[in-house]
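Structure first, commentary second.
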Amino acid sequence: KLNATLKEETDRRYEAEKPLRELEVTLKVSLENADSKILRQTQDLTAQIEKYRTNEAALTTELKMAEASVKTRDEALAQLKKEREDAGSLLKKAEQRLTTISREHQADLKKAIAETQQVSRSNDRLLDELSDTIQDTLYPVLETTQLMEESENLSEEQKRKLASANYGCRSLIDTMNYRAELTQLSSGKDILSESEFDLHNLISGIDQQFTHRASTSKLFFAVSFAQYQATNNVPKRVIGDEEKLKKSLTILLGYALEKTRKGRLGLHATRKSADNETMHISFEMAYTSVDKQDELLDGIFNSESDTVVDVKHGLTLARRYIKLLGGETEMAYRDAGITSLTINMPLKRAVSEMIIPSDDDEKQAGAA
C-alpha cells in the first residue's frame, strides 16, 4: 500500500514537472534562437559600423577636398578682386585719357570746321563772283541769239543751231543759279515766302515758255488744267510760294524736254482734295523719254536719302523745294515709253479764290 501510494505520488510529481520540463525545453530553444538572432544582429551592426566608418572616411576626404576648394576659390576671388581693382584703375586712367584726347580732338575738329567753313565761304564768294561774271557775259549772247532767231534771213538749220547755243548758255546760267540756291538751302537761309498769286497765270506762263522751247526741237508740248469739272477745278487764286513752285515745275519740265527726242511732253494740273483752309493740287508731268528707266530721276525722287545729287539739271534743288513746300512726288513708267512724275502740292485757299474762270481766263492757253 505504501508503495502504491509512493508510486502515485511519483506519477503526480512527474505529471506536475512535465510542463516545467516542456517550459525548460522551450526556454532552451528560445535561448538558442535568441543567441543566434543576437549574433546575426551583432554581425549586422558590425557591418553597418564598418560601412559608417568607410563613409566617414570618404566624407572626411571630401570635406578636406571641399575645404581646399573653398580655400582655392577664396584665393581666386581675392585675385579676381585685385584684378578688378587694377582694371578699374586702368579704366579710370583710360577714361581720363580719352576725355583729354576727346577735348583735344573736339578743339581740333572745331578749328578744322571753322577753317573749312571759312574756305567754303571763300569758295562760295569766288563762285558767286565767277557766276556773276559768266552771267554778265552770257546775257548779251542770249539777247543776240534771240534777236537772230527772229531774223527771216536765216535757214531752219541756222535757227536750230542758234536755239541750241541759246539753250546751252541758259543751261549754264541755270546750273550756276541752282548751285547758289542749293547753297542757301543747305545753310538754312532760304525760307518760304508765301503770298497770294494767280495759279492760272503761272500755268499759262509755263505753257508759253515751253511751247516755244519745244517747237525749236520739233516737239509737241501741251499744258492742261481742270476748270469746268464739278470737283477737280484748279483754283485761280491761291496762297503759297509762287517763285519756288514755278522754279520746281520749270526745272522738271526742262529736264523732261532735254530727255525727249521725239514725241510729246505735257503738264496736267487738277485739284485732288480740299478742306476749309488747304487744297491739294496735283501737277502731273509726262514725256516720252529716250531712257526706259531714268536712273537719275529715280535716284532723286524714288529714294528717301539724298545720296544722288544733281546740280546740272537742278533736280536736287527741285526736290528740296518740293519738300520745303510740303509736296510729295510719285514716279511711274507707262506703256509706249512714257515717264510720269506727279507732284501733289498743298496750297492755301485765298479769300478771293475763283474756281470758275472768267471769259478772259478761258482764252488762256492750256485750258482743259
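Going through the C-alpha cells in order, the chains are called A, B, and so on, while each chain numbers its residues from 1 and the ligands are numbered from 1 in the order shown.
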Hey, what does DSSP flag as strand (DSSP E or B) within segment 154-284 of chain A? Can you give it to me as a ChimeraX atom specification? /A:195-198,220-225,237-240,264-274,278-284
Could you save the residues just selected, with N, CA and C atoms, as an mmCIF file, in the first residue's frame?
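Result file is selection02.cif:
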data_model
loop_
_atom_site.group_PDB
_atom_site.id
_atom_site.type_symbol
_atom_site.label_atom_id
_atom_site.label_comp_id
_atom_site.auth_asym_id
_atom_site.auth_seq_id
_atom_site.Cartn_x
_atom_site.Cartn_y
_atom_site.Cartn_z
ATOM 1 N N SER A 195 2.542 134.184 -100.486
ATOM 2 C CA SER A 195 1.680 135.320 -100.806
ATOM 3 C C SER A 195 0.581 134.816 -101.740
ATOM 4 N N GLU A 196 -0.423 135.633 -101.950
ATOM 5 C CA GLU A 196 -1.498 135.259 -102.861
ATOM 6 C C GLU A 196 -1.040 135.476 -104.305
ATOM 7 N N PHE A 197 -1.322 134.497 -105.158
ATOM 8 C CA PHE A 197 -0.925 134.640 -106.562
ATOM 9 C C PHE A 197 -1.944 133.942 -107.455
ATOM 10 N N ASP A 198 -1.817 134.209 -108.756
ATOM 11 C CA ASP A 198 -2.731 133.661 -109.758
ATOM 12 C C ASP A 198 -2.143 132.367 -110.306
ATOM 13 N N PHE A 220 6.129 118.388 -129.466
ATOM 14 C CA PHE A 220 4.821 118.920 -129.129
ATOM 15 C C PHE A 220 4.703 119.021 -127.613
ATOM 16 N N PHE A 221 4.328 120.193 -127.141
ATOM 17 C CA PHE A 221 4.166 120.424 -125.699
ATOM 18 C C PHE A 221 2.758 120.921 -125.423
ATOM 19 N N ALA A 222 2.123 120.379 -124.374
ATOM 20 C CA ALA A 222 0.754 120.797 -124.043
ATOM 21 C C ALA A 222 0.600 120.910 -122.542
ATOM 22 N N VAL A 223 -0.154 121.918 -122.129
ATOM 23 C CA VAL A 223 -0.492 122.126 -120.720
ATOM 24 C C VAL A 223 -2.004 122.100 -120.598
ATOM 25 N N SER A 224 -2.509 121.442 -119.569
ATOM 26 C CA SER A 224 -3.950 121.431 -119.326
ATOM 27 C C SER A 224 -4.212 121.520 -117.838
ATOM 28 N N PHE A 225 -5.321 122.138 -117.489
ATOM 29 C CA PHE A 225 -5.726 122.151 -116.087
ATOM 30 C C PHE A 225 -7.243 122.218 -116.022
ATOM 31 N N ARG A 237 -6.995 131.755 -107.680
ATOM 32 C CA ARG A 237 -6.217 132.460 -106.668
ATOM 33 C C ARG A 237 -5.888 131.515 -105.513
ATOM 34 N N VAL A 238 -4.615 131.425 -105.167
ATOM 35 C CA VAL A 238 -4.160 130.583 -104.059
ATOM 36 C C VAL A 238 -3.089 131.341 -103.279
ATOM 37 N N ILE A 239 -2.711 130.772 -102.146
ATOM 38 C CA ILE A 239 -1.637 131.349 -101.321
ATOM 39 C C ILE A 239 -0.523 130.307 -101.219
ATOM 40 N N GLY A 240 0.679 130.727 -101.537
ATOM 41 C CA GLY A 240 1.836 129.840 -101.468
ATOM 42 C C GLY A 240 3.073 130.573 -101.935
ATOM 43 N N ARG A 264 6.048 113.719 -127.520
ATOM 44 C CA ARG A 264 5.414 114.849 -126.870
ATOM 45 C C ARG A 264 5.692 114.828 -125.376
ATOM 46 N N LEU A 265 5.463 115.969 -124.760
ATOM 47 C CA LEU A 265 5.530 116.078 -123.316
ATOM 48 C C LEU A 265 4.460 117.072 -122.874
ATOM 49 N N GLY A 266 4.041 116.956 -121.634
ATOM 50 C CA GLY A 266 2.976 117.834 -121.190
ATOM 51 C C GLY A 266 2.888 117.929 -119.685
ATOM 52 N N LEU A 267 2.035 118.841 -119.238
ATOM 53 C CA LEU A 267 1.796 119.077 -117.822
ATOM 54 C C LEU A 267 0.300 119.210 -117.612
ATOM 55 N N HIS A 268 -0.235 118.426 -116.698
ATOM 56 C CA HIS A 268 -1.653 118.498 -116.387
ATOM 57 C C HIS A 268 -1.829 118.768 -114.899
ATOM 58 N N ALA A 269 -2.684 119.754 -114.572
ATOM 59 C CA ALA A 269 -2.946 120.115 -113.177
ATOM 60 C C ALA A 269 -4.414 119.866 -112.852
ATOM 61 N N THR A 270 -4.644 119.352 -111.662
ATOM 62 C CA THR A 270 -6.011 119.112 -111.200
ATOM 63 C C THR A 270 -6.058 119.187 -109.687
ATOM 64 N N ARG A 271 -7.227 119.520 -109.162
ATOM 65 C CA ARG A 271 -7.371 119.588 -107.710
ATOM 66 C C ARG A 271 -7.796 118.216 -107.200
ATOM 67 N N LYS A 272 -6.995 117.662 -106.261
ATOM 68 C CA LYS A 272 -7.268 116.332 -105.745
ATOM 69 C C LYS A 272 -8.174 116.354 -104.523
ATOM 70 N N SER A 273 -7.953 117.291 -103.631
ATOM 71 C CA SER A 273 -8.756 117.356 -102.408
ATOM 72 C C SER A 273 -8.698 118.771 -101.863
ATOM 73 N N ALA A 274 -9.611 119.070 -100.949
ATOM 74 C CA ALA A 274 -9.661 120.419 -100.367
ATOM 75 C C ALA A 274 -10.412 120.368 -99.050
ATOM 76 N N THR A 278 -6.991 124.409 -96.892
ATOM 77 C CA THR A 278 -5.941 123.922 -97.797
ATOM 78 C C THR A 278 -6.532 123.117 -98.949
ATOM 79 N N MET A 279 -5.871 123.235 -100.103
ATOM 80 C CA MET A 279 -6.206 122.422 -101.270
ATOM 81 C C MET A 279 -4.952 121.688 -101.729
ATOM 82 N N HIS A 280 -5.135 120.485 -102.218
ATOM 83 C CA HIS A 280 -4.018 119.719 -102.760
ATOM 84 C C HIS A 280 -4.153 119.689 -104.284
ATOM 85 N N ILE A 281 -3.184 120.326 -104.929
ATOM 86 C CA ILE A 281 -3.169 120.399 -106.389
ATOM 87 C C ILE A 281 -2.149 119.399 -106.913
ATOM 88 N N SER A 282 -2.595 118.577 -107.876
ATOM 89 C CA SER A 282 -1.713 117.590 -108.482
ATOM 90 C C SER A 282 -1.195 118.118 -109.817
ATOM 91 N N PHE A 283 0.145 118.164 -109.946
ATOM 92 C CA PHE A 283 0.796 118.546 -111.197
ATOM 93 C C PHE A 283 1.457 117.287 -111.766
ATOM 94 N N GLU A 284 0.922 116.801 -112.883
ATOM 95 C CA GLU A 284 1.454 115.586 -113.492
ATOM 96 C C GLU A 284 2.230 115.929 -114.761
#
Which residues are near segment 289-302 of chain A? Cut-off 7 Å, only C-alpha atoms, ignore same chain within fewer than 2 positions. Put them as JSON, numbers by chain. {"A": [259, 260, 261, 287, 304, 308, 316, 329, 337, 338, 339]}
Mind dumping the selected residues with C-alpha atoms as a PDB file, in the first residue's frame?
ATOM      1  CA  LYS A 259      15.254 113.823-122.289  1.00  0.00           C
ATOM      2  CA  THR A 260      12.645 113.851-125.078  1.00  0.00           C
ATOM      3  CA  ARG A 261      13.988 113.249-128.580  1.00  0.00           C
ATOM      4  CA  TYR A 287       7.021 112.738-121.502  1.00  0.00           C
ATOM      5  CA  GLU A 304      14.376 108.572 -99.160  1.00  0.00           C
ATOM      6  CA  VAL A 308      22.105 111.172-105.540  1.00  0.00           C
ATOM      7  CA  THR A 316      18.078 118.128-106.402  1.00  0.00           C
ATOM      8  CA  THR A 329       6.237 113.155-105.588  1.00  0.00           C
ATOM      9  CA  GLY A 337       7.900 104.638-123.147  1.00  0.00           C
ATOM     10  CA  ILE A 338       6.094 107.357-121.182  1.00  0.00           C
ATOM     11  CA  THR A 339       7.690 108.553-117.937  1.00  0.00           C
TER      12      THR A 339
END
Just give me the gap between atom CA of Ala163 of chain A and atom CA of Thr342 of chain A in Å, one decimal is fine.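 Value for the atom CA of Ala163 of chain A-atom CA of Thr342 of chain A distance: 28.9 Å.
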Using DSSP secondary structure from the backbone, list all alpha helix (DSSP H) positions within segment 122-268 of chain A, as an mmCIF file with N, CA and C atoms, in the first residue's frame.
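For reference, states_37.cif as written:
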data_model
loop_
_atom_site.group_PDB
_atom_site.id
_atom_site.type_symbol
_atom_site.label_atom_id
_atom_site.label_comp_id
_atom_site.auth_asym_id
_atom_site.auth_seq_id
_atom_site.Cartn_x
_atom_site.Cartn_y
_atom_site.Cartn_z
ATOM 1 N N SER A 122 34.735 131.320 -98.640
ATOM 2 C CA SER A 122 35.601 131.947 -99.643
ATOM 3 C C SER A 122 35.317 131.377 -101.031
ATOM 4 N N ASN A 123 35.166 130.036 -101.087
ATOM 5 C CA ASN A 123 34.858 129.399 -102.373
ATOM 6 C C ASN A 123 33.500 129.848 -102.892
ATOM 7 N N ASP A 124 32.527 129.951 -101.957
ATOM 8 C CA ASP A 124 31.193 130.402 -102.372
ATOM 9 C C ASP A 124 31.260 131.825 -102.947
ATOM 10 N N ARG A 125 32.010 132.679 -102.260
ATOM 11 C CA ARG A 125 32.146 134.063 -102.772
ATOM 12 C C ARG A 125 32.827 134.059 -104.135
ATOM 13 N N LEU A 126 33.864 133.204 -104.245
ATOM 14 C CA LEU A 126 34.583 133.131 -105.516
ATOM 15 C C LEU A 126 33.659 132.621 -106.618
ATOM 16 N N LEU A 127 32.880 131.550 -106.284
ATOM 17 C CA LEU A 127 31.949 131.002 -107.267
ATOM 18 C C LEU A 127 30.846 131.996 -107.614
ATOM 19 N N ASP A 128 30.380 132.735 -106.598
ATOM 20 C CA ASP A 128 29.357 133.748 -106.862
ATOM 21 C C ASP A 128 29.897 134.833 -107.792
ATOM 22 N N GLU A 129 31.125 135.254 -107.520
ATOM 23 C CA GLU A 129 31.737 136.268 -108.388
ATOM 24 C C GLU A 129 31.932 135.721 -109.798
ATOM 25 N N LEU A 130 32.406 134.451 -109.870
ATOM 26 C CA LEU A 130 32.601 133.833 -111.177
ATOM 27 C C LEU A 130 31.259 133.682 -111.900
ATOM 28 N N SER A 131 30.232 133.280 -111.125
ATOM 29 C CA SER A 131 28.894 133.121 -111.711
ATOM 30 C C SER A 131 28.383 134.452 -112.237
ATOM 31 N N ASP A 132 28.542 135.501 -111.439
ATOM 32 C CA ASP A 132 28.087 136.828 -111.894
ATOM 33 C C ASP A 132 28.822 137.252 -113.160
ATOM 34 N N THR A 133 30.136 136.984 -113.185
ATOM 35 C CA THR A 133 30.930 137.365 -114.360
ATOM 36 C C THR A 133 30.464 136.607 -115.602
ATOM 37 N N ILE A 134 30.253 135.271 -115.429
ATOM 38 C CA ILE A 134 29.823 134.460 -116.568
ATOM 39 C C ILE A 134 28.434 134.879 -117.031
ATOM 40 N N GLN A 135 27.540 135.136 -116.085
ATOM 41 C CA GLN A 135 26.182 135.534 -116.457
ATOM 42 C C GLN A 135 26.176 136.898 -117.145
ATOM 43 N N ASP A 136 26.991 137.811 -116.614
ATOM 44 C CA ASP A 136 27.087 139.124 -117.261
ATOM 45 C C ASP A 136 27.594 138.984 -118.692
ATOM 46 N N THR A 137 28.458 137.975 -118.897
ATOM 47 C CA THR A 137 28.994 137.748 -120.242
ATOM 48 C C THR A 137 27.976 137.059 -121.145
ATOM 49 N N LEU A 138 27.195 136.144 -120.566
ATOM 50 C CA LEU A 138 26.285 135.341 -121.380
ATOM 51 C C LEU A 138 24.976 136.038 -121.717
ATOM 52 N N TYR A 139 24.511 136.929 -120.849
ATOM 53 C CA TYR A 139 23.225 137.567 -121.112
ATOM 54 C C TYR A 139 23.203 138.313 -122.454
ATOM 55 N N PRO A 140 24.252 139.082 -122.790
ATOM 56 C CA PRO A 140 24.261 139.709 -124.131
ATOM 57 C C PRO A 140 24.225 138.670 -125.253
ATOM 58 N N VAL A 141 24.904 137.523 -125.041
ATOM 59 C CA VAL A 141 24.879 136.461 -126.042
ATOM 60 C C VAL A 141 23.454 135.924 -126.204
ATOM 61 N N LEU A 142 22.755 135.744 -125.082
ATOM 62 C CA LEU A 142 21.375 135.268 -125.134
ATOM 63 C C LEU A 142 20.483 136.248 -125.894
ATOM 64 N N GLU A 143 20.630 137.516 -125.562
ATOM 65 C CA GLU A 143 19.807 138.527 -126.237
ATOM 66 C C GLU A 143 20.094 138.544 -127.740
ATOM 67 N N THR A 144 21.380 138.416 -128.082
ATOM 68 C CA THR A 144 21.763 138.442 -129.504
ATOM 69 C C THR A 144 21.194 137.226 -130.244
ATOM 70 N N THR A 145 21.320 136.037 -129.624
ATOM 71 C CA THR A 145 20.814 134.829 -130.284
ATOM 72 C C THR A 145 19.293 134.872 -130.428
ATOM 73 N N GLN A 146 18.606 135.448 -129.419
ATOM 74 C CA GLN A 146 17.151 135.559 -129.511
ATOM 75 C C GLN A 146 16.745 136.484 -130.660
ATOM 76 N N LEU A 147 17.490 137.586 -130.800
ATOM 77 C CA LEU A 147 17.201 138.502 -131.910
ATOM 78 C C LEU A 147 17.499 137.846 -133.251
ATOM 79 N N MET A 148 18.598 137.105 -133.306
ATOM 80 C CA MET A 148 18.968 136.461 -134.560
ATOM 81 C C MET A 148 17.970 135.370 -134.936
ATOM 82 N N GLU A 149 17.373 134.699 -133.941
ATOM 83 C CA GLU A 149 16.380 133.666 -134.233
ATOM 84 C C GLU A 149 15.163 134.236 -134.946
ATOM 85 N N GLU A 156 16.429 127.232 -141.412
ATOM 86 C CA GLU A 156 15.935 126.497 -140.248
ATOM 87 C C GLU A 156 17.086 125.841 -139.489
ATOM 88 N N GLU A 157 18.091 125.373 -140.224
ATOM 89 C CA GLU A 157 19.247 124.759 -139.571
ATOM 90 C C GLU A 157 20.004 125.778 -138.736
ATOM 91 N N GLN A 158 20.179 126.979 -139.285
ATOM 92 C CA GLN A 158 20.860 128.036 -138.532
ATOM 93 C C GLN A 158 20.056 128.439 -137.295
ATOM 94 N N LYS A 159 18.730 128.486 -137.445
ATOM 95 C CA LYS A 159 17.895 128.821 -136.292
ATOM 96 C C LYS A 159 17.989 127.752 -135.208
ATOM 97 N N ARG A 160 18.057 126.488 -135.624
ATOM 98 C CA ARG A 160 18.197 125.416 -134.646
ATOM 99 C C ARG A 160 19.530 125.505 -133.926
ATOM 100 N N LYS A 161 20.591 125.843 -134.650
ATOM 101 C CA LYS A 161 21.903 125.995 -134.014
ATOM 102 C C LYS A 161 21.903 127.161 -133.032
ATOM 103 N N LEU A 162 21.244 128.275 -133.443
ATOM 104 C CA LEU A 162 21.137 129.417 -132.526
ATOM 105 C C LEU A 162 20.332 129.037 -131.282
ATOM 106 N N ALA A 163 19.265 128.287 -131.500
ATOM 107 C CA ALA A 163 18.450 127.851 -130.362
ATOM 108 C C ALA A 163 19.242 126.928 -129.451
ATOM 109 N N SER A 164 20.078 126.085 -130.070
ATOM 110 C CA SER A 164 20.916 125.186 -129.276
ATOM 111 C C SER A 164 21.939 125.979 -128.468
ATOM 112 N N ALA A 165 22.546 127.007 -129.103
ATOM 113 C CA ALA A 165 23.507 127.854 -128.386
ATOM 114 C C ALA A 165 22.808 128.614 -127.265
ATOM 115 N N ASN A 166 21.608 129.115 -127.565
ATOM 116 C CA ASN A 166 20.835 129.824 -126.558
ATOM 117 C C ASN A 166 20.533 128.905 -125.372
ATOM 118 N N TYR A 167 20.135 127.675 -125.703
ATOM 119 C CA TYR A 167 19.819 126.717 -124.649
ATOM 120 C C TYR A 167 21.056 126.381 -123.817
ATOM 121 N N GLY A 168 22.210 126.218 -124.485
ATOM 122 C CA GLY A 168 23.443 125.921 -123.755
ATOM 123 C C GLY A 168 23.828 127.037 -122.803
ATOM 124 N N CYS A 169 23.718 128.290 -123.270
ATOM 125 C CA CYS A 169 24.034 129.430 -122.402
ATOM 126 C C CYS A 169 23.078 129.499 -121.225
ATOM 127 N N ARG A 170 21.795 129.314 -121.515
ATOM 128 C CA ARG A 170 20.803 129.385 -120.440
ATOM 129 C C ARG A 170 21.000 128.237 -119.449
ATOM 130 N N SER A 171 21.371 127.051 -119.956
ATOM 131 C CA SER A 171 21.598 125.910 -119.060
ATOM 132 C C SER A 171 22.759 126.180 -118.121
ATOM 133 N N LEU A 172 23.806 126.797 -118.665
ATOM 134 C CA LEU A 172 24.960 127.135 -117.827
ATOM 135 C C LEU A 172 24.563 128.147 -116.756
ATOM 136 N N ILE A 173 23.806 129.152 -117.143
ATOM 137 C CA ILE A 173 23.339 130.145 -116.171
ATOM 138 C C ILE A 173 22.457 129.483 -115.118
ATOM 139 N N ASP A 174 21.544 128.607 -115.576
ATOM 140 C CA ASP A 174 20.654 127.915 -114.641
ATOM 141 C C ASP A 174 21.440 127.055 -113.660
ATOM 142 N N THR A 175 22.453 126.340 -114.167
ATOM 143 C CA THR A 175 23.265 125.482 -113.297
ATOM 144 C C THR A 175 23.944 126.292 -112.199
ATOM 145 N N MET A 176 24.494 127.435 -112.552
ATOM 146 C CA MET A 176 25.141 128.287 -111.550
ATOM 147 C C MET A 176 24.121 128.819 -110.554
ATOM 148 N N ASN A 177 22.930 129.161 -111.042
ATOM 149 C CA ASN A 177 21.881 129.611 -110.126
ATOM 150 C C ASN A 177 21.415 128.481 -109.209
ATOM 151 N N TYR A 178 21.323 127.253 -109.765
ATOM 152 C CA TYR A 178 20.927 126.099 -108.947
ATOM 153 C C TYR A 178 21.922 125.899 -107.809
ATOM 154 N N ARG A 179 23.207 125.983 -108.144
ATOM 155 C CA ARG A 179 24.237 125.801 -107.117
ATOM 156 C C ARG A 179 24.098 126.841 -106.017
ATOM 157 N N ALA A 180 23.888 128.100 -106.415
ATOM 158 C CA ALA A 180 23.753 129.166 -105.421
ATOM 159 C C ALA A 180 22.527 128.943 -104.537
ATOM 160 N N GLU A 181 21.415 128.504 -105.132
ATOM 161 C CA GLU A 181 20.199 128.289 -104.352
ATOM 162 C C GLU A 181 20.340 127.075 -103.438
ATOM 163 N N LEU A 182 21.018 126.018 -103.910
ATOM 164 C CA LEU A 182 21.259 124.861 -103.053
ATOM 165 C C LEU A 182 22.127 125.235 -101.857
ATOM 166 N N THR A 183 23.110 126.105 -102.091
ATOM 167 C CA THR A 183 23.955 126.573 -101.001
ATOM 168 C C THR A 183 23.130 127.315 -99.962
ATOM 169 N N GLN A 184 22.199 128.159 -100.424
ATOM 170 C CA GLN A 184 21.330 128.870 -99.494
ATOM 171 C C GLN A 184 20.450 127.903 -98.710
ATOM 172 N N LEU A 185 19.903 126.885 -99.390
ATOM 173 C CA LEU A 185 19.066 125.898 -98.698
ATOM 174 C C LEU A 185 19.865 125.134 -97.655
ATOM 175 N N SER A 186 21.087 124.719 -98.003
ATOM 176 C CA SER A 186 21.912 123.947 -97.080
ATOM 177 C C SER A 186 22.296 124.751 -95.852
ATOM 178 N N LEU A 199 -2.716 131.228 -109.903
ATOM 179 C CA LEU A 199 -2.200 129.937 -110.322
ATOM 180 C C LEU A 199 -2.438 129.700 -111.807
ATOM 181 N N HIS A 200 -3.555 130.202 -112.350
ATOM 182 C CA HIS A 200 -3.822 130.036 -113.780
ATOM 183 C C HIS A 200 -2.764 130.754 -114.604
ATOM 184 N N ASN A 201 -2.403 131.979 -114.200
ATOM 185 C CA ASN A 201 -1.370 132.727 -114.925
ATOM 186 C C ASN A 201 -0.026 132.021 -114.852
ATOM 187 N N LEU A 202 0.285 131.429 -113.692
ATOM 188 C CA LEU A 202 1.550 130.700 -113.545
ATOM 189 C C LEU A 202 1.598 129.543 -114.544
ATOM 190 N N ILE A 203 0.509 128.760 -114.610
ATOM 191 C CA ILE A 203 0.467 127.621 -115.527
ATOM 192 C C ILE A 203 0.523 128.092 -116.977
ATOM 193 N N SER A 204 -0.181 129.182 -117.298
ATOM 194 C CA SER A 204 -0.173 129.700 -118.673
ATOM 195 C C SER A 204 1.203 130.217 -119.061
ATOM 196 N N GLY A 205 1.915 130.837 -118.105
ATOM 197 C CA GLY A 205 3.278 131.306 -118.383
ATOM 198 C C GLY A 205 4.207 130.151 -118.697
ATOM 199 N N ILE A 206 4.063 129.048 -117.948
ATOM 200 C CA ILE A 206 4.863 127.852 -118.225
ATOM 201 C C ILE A 206 4.518 127.303 -119.606
ATOM 202 N N ASP A 207 3.235 127.353 -119.930
ATOM 203 C CA ASP A 207 2.787 126.881 -121.248
ATOM 204 C C ASP A 207 3.483 127.655 -122.366
ATOM 205 N N GLN A 208 3.472 128.979 -122.271
ATOM 206 C CA GLN A 208 4.094 129.812 -123.311
ATOM 207 C C GLN A 208 5.589 129.560 -123.401
ATOM 208 N N GLN A 209 6.244 129.462 -122.241
ATOM 209 C CA GLN A 209 7.694 129.270 -122.214
ATOM 210 C C GLN A 209 8.102 127.959 -122.880
ATOM 211 N N PHE A 210 7.447 126.870 -122.518
ATOM 212 C CA PHE A 210 7.896 125.566 -123.007
ATOM 213 C C PHE A 210 7.312 125.223 -124.368
ATOM 214 N N THR A 211 6.217 125.853 -124.745
ATOM 215 C CA THR A 211 5.733 125.665 -126.117
ATOM 216 C C THR A 211 6.771 126.175 -127.110
ATOM 217 N N HIS A 212 7.356 127.332 -126.807
ATOM 218 C CA HIS A 212 8.402 127.891 -127.679
ATOM 219 C C HIS A 212 9.643 126.998 -127.682
ATOM 220 N N ARG A 213 10.074 126.560 -126.495
ATOM 221 C CA ARG A 213 11.287 125.739 -126.422
ATOM 222 C C ARG A 213 11.080 124.399 -127.103
ATOM 223 N N ALA A 214 9.878 123.829 -126.969
ATOM 224 C CA ALA A 214 9.616 122.533 -127.597
ATOM 225 C C ALA A 214 9.547 122.651 -129.111
ATOM 226 N N SER A 215 8.986 123.749 -129.585
ATOM 227 C CA SER A 215 8.844 123.918 -131.033
ATOM 228 C C SER A 215 10.202 124.000 -131.715
ATOM 229 N N THR A 216 11.191 124.600 -131.045
ATOM 230 C CA THR A 216 12.532 124.687 -131.634
ATOM 231 C C THR A 216 13.166 123.314 -131.793
ATOM 232 N N GLU A 242 5.008 131.259 -104.765
ATOM 233 C CA GLU A 242 4.885 131.177 -106.218
ATOM 234 C C GLU A 242 6.232 130.928 -106.882
ATOM 235 N N GLU A 243 7.259 131.618 -106.427
ATOM 236 C CA GLU A 243 8.568 131.512 -107.081
ATOM 237 C C GLU A 243 9.122 130.095 -106.991
ATOM 238 N N LYS A 244 9.042 129.478 -105.802
ATOM 239 C CA LYS A 244 9.599 128.130 -105.637
ATOM 240 C C LYS A 244 8.765 127.092 -106.376
ATOM 241 N N LEU A 245 7.442 127.265 -106.398
ATOM 242 C CA LEU A 245 6.605 126.346 -107.149
ATOM 243 C C LEU A 245 6.928 126.419 -108.639
ATOM 244 N N LYS A 246 7.026 127.635 -109.169
ATOM 245 C CA LYS A 246 7.336 127.803 -110.581
ATOM 246 C C LYS A 246 8.723 127.266 -110.902
ATOM 247 N N LYS A 247 9.688 127.524 -110.013
ATOM 248 C CA LYS A 247 11.050 127.037 -110.252
ATOM 249 C C LYS A 247 11.066 125.509 -110.296
ATOM 250 N N SER A 248 10.350 124.862 -109.395
ATOM 251 C CA SER A 248 10.319 123.397 -109.368
ATOM 252 C C SER A 248 9.724 122.839 -110.656
ATOM 253 N N LEU A 249 8.601 123.410 -111.092
ATOM 254 C CA LEU A 249 7.949 122.915 -112.306
ATOM 255 C C LEU A 249 8.810 123.153 -113.543
ATOM 256 N N THR A 250 9.431 124.326 -113.640
ATOM 257 C CA THR A 250 10.253 124.616 -114.828
ATOM 258 C C THR A 250 11.507 123.753 -114.861
ATOM 259 N N ILE A 251 12.089 123.466 -113.697
ATOM 260 C CA ILE A 251 13.252 122.574 -113.657
ATOM 261 C C ILE A 251 12.876 121.190 -114.187
ATOM 262 N N LEU A 252 11.779 120.648 -113.686
ATOM 263 C CA LEU A 252 11.362 119.306 -114.090
ATOM 264 C C LEU A 252 10.969 119.251 -115.559
ATOM 265 N N LEU A 253 10.256 120.261 -116.028
ATOM 266 C CA LEU A 253 9.872 120.291 -117.438
ATOM 267 C C LEU A 253 11.098 120.489 -118.334
ATOM 268 N N GLY A 254 12.048 121.305 -117.874
ATOM 269 C CA GLY A 254 13.278 121.483 -118.648
ATOM 270 C C GLY A 254 14.045 120.172 -118.773
ATOM 271 N N TYR A 255 14.090 119.405 -117.689
ATOM 272 C CA TYR A 255 14.759 118.101 -117.733
ATOM 273 C C TYR A 255 14.015 117.158 -118.675
ATOM 274 N N ALA A 256 12.664 117.159 -118.578
ATOM 275 C CA ALA A 256 11.860 116.305 -119.451
ATOM 276 C C ALA A 256 12.069 116.671 -120.916
ATOM 277 N N LEU A 257 12.151 117.971 -121.196
ATOM 278 C CA LEU A 257 12.365 118.426 -122.569
ATOM 279 C C LEU A 257 13.717 117.947 -123.097
ATOM 280 N N GLU A 258 14.729 117.986 -122.239
ATOM 281 C CA GLU A 258 16.056 117.541 -122.651
ATOM 282 C C GLU A 258 16.083 116.034 -122.902
ATOM 283 N N LYS A 259 15.265 115.278 -122.156
ATOM 284 C CA LYS A 259 15.254 113.823 -122.289
ATOM 285 C C LYS A 259 14.329 113.336 -123.409
#
Measure the distance from atom CA of Thr116 of chain A to atom CA of Val309 of chain A in Å and round it to one decimal. 21.0 Å
With distances taken over only C-alpha atoms, which residue among A:Gly327, A:Thr288, A:Pro346, A:Thr26 lies nearest Lys262 of chain A?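 With only C-alpha atoms as the atom set, the closest residue is A:Thr288.
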If you measure from atom CA of Met331 of chain A to atom CA of Leu347 of chain A, what distance in Å do you get, rounded to one decimal?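 Calculated distance between atom CA of Met331 of chain A and atom CA of Leu347 of chain A is 21.1 Å.
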